[in-house]
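Everything on this sheet refers to the single structure shown next.
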2 protein chains.
Amino acid sequence: MSMRVVIVGGVAAGPKAACRIKRLMPEAKVTMVDRDSLISYGGCGIPYYVGGDVADLEGLLSTSFHMVRDANFFTKVKGLEVLTRTEVTRVDPQAKEVWACNLDTGEEMSLPYDKLVLATGSIPFIPPVPGKDLNNVVPVANLHHAKTIKEMVSQGQVGTAVIVGAGATGLEMAEAMADLWGIEVHIVEAAPQFLPGLADPQMARMLEIRMAEQEDIHLHLGASLEEVLDDGQGNACGVIAGGEKIESDVVIMGCGVRPNTSLAAEASLDLNQRGAILVDDHMCTSDPDIYAGGDCVSIKSMITGEGIFMPAGSLANREGRVIGTNIAGGDARFPGASGSFCIKLFGLSLARTGLNELQAKEAGFAARAVIVAQADRAHFHPDQKMMFLKLVVNETDRRILGLTAVGENGDAVVGRVNAVAGLLAAKATLEDLSNLELAYSPPLGAAVDVLNSAANAAENLLEGRLEPLAPEEFIKRLRDPQGSNTVFIDTRAFANAEPFLEAFGDDWVNIPQETLRERWQEVPKDKNVVLVCNSGVRSYESQLILKAKGYTNTVNLGGGMATMNRWAGSVLPSGDKE
Amino acid sequence: MSMRVVIVGGVAAGPKAACRIKRLMPEAKVTMVDRDSLISYGGCGIPYYVGGDVADLEGLLSTSFHMVRDANFFTKVKGLEVLTRTEVTRVDPQAKEVWACNLDTGEEMSLPYDKLVLATGSIPFIPPVPGKDLNNVVPVANLHHAKTIKEMVSQGQVGTAVIVGAGATGLEMAEAMADLWGIEVHIVEAAPQFLPGLADPQMARMLEIRMAEQEDIHLHLGASLEEVLDDGQGNACGVIAGGEKIESDVVIMGCGVRPNTSLAAEASLDLNQRGAILVDDHMCTSDPDIYAGGDCVSIKSMITGEGIFMPAGSLANREGRVIGTNIAGGDARFPGASGSFCIKLFGLSLARTGLNELQAKEAGFAARAVIVAQADRAHFHPDQKMMFLKLVVNETDRRILGLTAVGENGDAVVGRVNAVAGLLAAKATLEDLSNLELAYSPPLGAAVDVLNSAANAAENLLEGRLEPLAPEEFIKRLRDPQGSNTVFIDTRAFANAEPFLEAFGDDWVNIPQETLRERWQEVPKDKNVVLVCNSGVRSYESQLILKAKGYTNTVNLGGGMATMNRWAGSVLPSGDKE
């Protein structure tokens, strides 16, 4: 008899595993079950559907050749049996069968299996506050929610929206609603930063600045949701967050997700403390005949070796393929995740992989970090834009631990992070990154790429040559030069320094780098000296010149004023931009 | 006494080594010598200066903060001694000194050294044909040539240009001259392809098609330059190439470069057979006090371990840094090159790293290759463009040997190649690439990235599941279906297949994939069956369905019709595009 495989879940890992099994083992009987009517959709595309980049819902449900991936598609094209609107109610590992119920007819059925795949995904987390169940409180978890939201905005029912959560979905929804629909959007986030737990706070701040510059967007960071307000008719009419009342026509919940593992728990599969299913590197659960993948499992961090929860369609697909191969008799391993992530908001992209500085320190690494600013291709090419990198390395063994990149050319930003993702998996060192051979042509790259520069800067940091100052500390000192006994030496040309000389008086001194070898004695030895230039290169070189003259009291602004301007919006008290 | 370092050559590796030495060892006396008046320029930017992207020559000579990198800059800012217009005439390794001559005054001088760096670069190769020394025969090797060419074109002296050589410089110059200046450009290349020895011929063909579509550009591939024609007054007025006479106002020589190593040869340093300086992984020559880097050296291929000649400003910079570190007492190694390269022509970018299929076979690998076509981000996102990848792997150990990528989003193309460059250095396998964790968000990537797909396709190839047909063979069979006993089964929708059904009659059969599980018996067993779809995915799945039914006579068109249309311009006899 041919193998019977039951797949619970039809969005990403499930269909991937199912189709892979049928390709490798055409004789297998593969049954895919999902409680929803809509399956195999690109959930990450919901904000682009709401924002109009994707014209209709079918776009998120279709293949690249415009076939809708419905039950009929998977049956005809892929050879699966598909049961939609069918909820699996129980897994019986002893009897090797699952029980399911047709949600329309109420019919109950038993599905025996030789191998079972749990791809039950995640459920949106809704903060347990008063009013959370009111009408017009909508999560962004599936296409039905997407449709609801788009109908509301396109029918002009939404003038003001509150988005709870500054995770990826919340932020993308904010852009979609403000940019296309001109809705006044309030982003409410309990953490003091965008993308908490995911993005480095220094780098996330560049996105915060960009968002705050948008007329229709209002940020409420560090503001916990306390209550959803009732208009008296059961509809949400606003929230109270961080003690502040914000009126709105809709409240969108983008507070992240939790693994959906009640079936697994009832079947006594091993879960971690947060309820995610534990799997080995074959994506097999504690029951050798049950595999699991996608948002419902805990996977291994390739950096720390510890289990992490990382819901992402891209990982779900890779895991599904591994499951498919193994069920079909192969020997595929999922090596874990390095934590690659990217987001594009109002033309500014942030991408990251590995650990950020804080995560690395928490994991026990001797983490050191540099911020580097450089053009993303030949600086003389008209398409060039500044790219900002923060590279985290381990001081003891010089291993690369993580990278965050920010810039306007999204593909270029993501390209740098993807290059490092492969290096992380190979446990590469700083020297590997310094010599990484990025392709070069003036419209597409730089002779010394910003990635190579970041590695070189990190090397200089570890050797004690580069002593950078973090943006927060720079601002603190600039706000109180006397108290911090600081003088700022601006090594740029006079024209760049001029507004700062006017704004900060004697605390800001202009010594262009090309004059420093003659004028070094003007630099005081009895103050804390902060060396400043545009990107951090000239100030680093100035630091070396001064060190050779016996100065031990200098730091240089890492990433330079280019980074500061992105980080603070403006450094000048007037708020003027350079 | 502080260390005396002499650097011969002031373009890329030379200044990089010199500045690095001064940063690490401020007390060193570093003298940089160059025969030219212009130093430290971005030679790769010349076509962008001619084409107007870079407004003036200073753009190629300046730092990102708009300081011209002349002798004064290197003295004031970097602390070097710089001798321009000074030619080194002899190296005396025994006496540890070099002899040089000021080209303006004729003054001769001796420069004693503790460590010497040869960064003498390359010299353009000029084919030894009659007329090669005529006026208006210009190589593209330095900024003086750039200025000459730009003056000619901007003064309207050039209606027609012949460019000899379809290497990167020749092709970029062709675009610059045709695109900005409307010049009729003829590209003459002895090899039958663009970028010979560098780009995979199947992938380079996509650039050839793109260039051939330009009104002002005429390709003469497989045409050797035989003679440059004299107008009777010492000026070039055209060429004879491949037996054909082509009139022109200027002849631009873009025939590649040779290492400039006469000084090294006279100093009895070890050279390879092609005259490049041999260095160890510290970039040290056969003389322990002489280092060399840049276009004048042979470096190690990270794939084969053999020596290769790879003139590139990006490598020169990395090598210069390694030299600087080592001379300053450090221990830096240059690991070799994987051969990363990229070019953008009329909006289409090609990037590559590692070995192409032919190179890999010549190097003795059991090389297998797949061509994959897929959207470069979520297929439902409006910014998506098709990307075409050719991935080369070693069958015996599944190691990745090389990748070529082509597409319209240049940064996305280069990003994929850069991700693989790091994997090559780590000797990664197919499985590593299949699991490479590229960051995903719909505007910036795909849940299953085209790179992952290429690895998956290669795995299916090695397992014998995927049996692709190369584009050349597809065209051959399509031109003679009877002779090759071939039937084409088009698994796309009827609308896609219709023009082909009309053009090819009974030789082209439409069985949409979703009907194949019912209609498989219509597929003949006594003919060679070529399965066709748009990107190669449906045809692969169809191949598996037919194999499961006992068919052993199928191949599928790798990369699908999307690839064929790029490769052949049009597949239809009418020349119509889909």
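Please note that chains go A, B, ... in the order of the structure tokens, that every chain numbers its residues from 1, and that ligands are numbered from 1 in the order shown.
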Contact residues around B:Gly313 with only C-alpha atoms at 10 Å, ignoring same-chain residues under 6 positions, as a list in words: Tyr440, Ser441, Ala446, Ala447 and Val448 of chain A; Val11, Ala12, Ala13, Tyr41, Gly42, Gly43, Cys44, Gly121, Gly294, Asp295 and Glu319 of chain B
Could you save the residues just selected, with C-alpha atoms, as a JSON list (two decimals), in the first residue's frame?
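Written file, again_7.json:
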```json
[["chain", "number", "residue", "atom", "x", "y", "z"],
["A", 440, "TYR", "CA", 32.43, 45.62, -8.63],
["A", 441, "SER", "CA", 31.30, 47.96, -11.36],
["A", 446, "ALA", "CA", 32.28, 49.98, -4.96],
["A", 447, "ALA", "CA", 35.93, 49.03, -5.30],
["A", 448, "VAL", "CA", 36.01, 48.84, -1.52],
["B", 11, "VAL", "CA", 46.42, 54.10, -8.77],
["B", 12, "ALA", "CA", 44.78, 51.50, -6.50],
["B", 13, "ALA", "CA", 46.92, 48.88, -4.72],
["B", 41, "TYR", "CA", 41.67, 57.47, -9.97],
["B", 42, "GLY", "CA", 38.68, 55.23, -10.55],
["B", 43, "GLY", "CA", 39.64, 53.84, -13.94],
["B", 44, "CYS", "CA", 36.49, 51.72, -14.01],
["B", 121, "GLY", "CA", 49.39, 47.73, -12.85],
["B", 294, "GLY", "CA", 47.03, 44.86, -8.18],
["B", 295, "ASP", "CA", 46.90, 44.18, -11.90],
["B", 319, "GLU", "CA", 45.55, 43.30, -1.83]]
```
Residue contacts of A:Arg538 (10 Å, only C-alpha atoms) excluding same-chain residues fewer than 4 positions away, as a ChimeraX atom specification: /A:490-492,512-514,531-534,542-544,556,560 /B:65,77
All strand (DSSP E) residues (DSSP, backbone) inside stretch 369-429 of chain B, as a list in words: Ala369, Val370, Ile371, Val372, Ala373, Gln374, Ala375, Met386, Met387, Phe388, Leu389, Lys390, Leu391, Val392, Val393, Asn394, Ile400, Leu401, Gly402, Leu403, Thr404, Ala405, Val406 and Gly407 of chain B
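Considering only C-alpha atoms, the residue among A:Glu431, A:Glu362, A:Glu247, A:Asp280 positioned nearest to chain B is A:Glu431.
For the set B:Ser122, B:Ser62, B:Gln155, B:Ser2, the residue with the smallest atom-to-atom gap to chain A is B:Ser62, counting only C-alpha atoms.
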6 Å contact set for stretch 499-509 of chain B, only C-alpha atoms, chain neighbours under 6 positions out, as a list in words: Val487, Phe488, Ile489 and Asp490 of chain B
Residues of the last selection are to be written out with N, CA and C atoms, as an mmCIF file, in the first residue's frame.
```
data_model
loop_
_atom_site.group_PDB
_atom_site.id
_atom_site.type_symbol
_atom_site.label_atom_id
_atom_site.label_comp_id
_atom_site.auth_asym_id
_atom_site.auth_seq_id
_atom_site.Cartn_x
_atom_site.Cartn_y
_atom_site.Cartn_z
ATOM 1 N N VAL B 487 8.677 16.184 -30.303
ATOM 2 C CA VAL B 487 7.420 16.901 -30.132
ATOM 3 C C VAL B 487 7.557 17.790 -28.896
ATOM 4 N N PHE B 488 7.019 18.994 -29.010
ATOM 5 C CA PHE B 488 7.074 19.952 -27.910
ATOM 6 C C PHE B 488 5.729 19.946 -27.202
ATOM 7 N N ILE B 489 5.763 19.678 -25.910
ATOM 8 C CA ILE B 489 4.523 19.699 -25.124
ATOM 9 C C ILE B 489 4.536 20.975 -24.285
ATOM 10 N N ASP B 490 3.618 21.854 -24.606
ATOM 11 C CA ASP B 490 3.532 23.150 -23.935
ATOM 12 C C ASP B 490 2.564 23.015 -22.767
#
```
Using only C-alpha atoms: which of A:Leu355, A:Met1, A:Cys237, A:Leu60 has the shortest distance to chain B: A:Leu60
For B:Pro443: contacts at 12 Å, only C-alpha atoms, fewer than 6 positions along chain excluded, given as number ranges by chain: A: 44-45, 47-48, 53-54, 172, 342-350, 409-411, 414; B: 375-385, 412
Proximity to B:Ala455 - best of B:Ala470, B:Ala332, B:Val372, B:Ala426, only C-alpha atoms: B:Val372
A:Leu401 environment, 12 Å, only C-alpha atoms, sequence neighbours closer than 6 positions dropped, as a PyMOL selection string: chain A and resi 301-304+338-339+352-361+363-369+390-395+420-430+433+455+458
Shell around A:Arg69 at 9 Å using only C-alpha atoms, local window under 6 positions removed, as a ChimeraX atom specification: /A:38-41,61-63
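In this model, the gap between atom CA of B:Ala439 and atom CA of A:Met310 comes to 12.4 Å.
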Which residue of A:Leu516, A:Leu118, A:Val188, A:Val50 approaches A:Val5 most closely, using only C-alpha atoms: A:Leu118
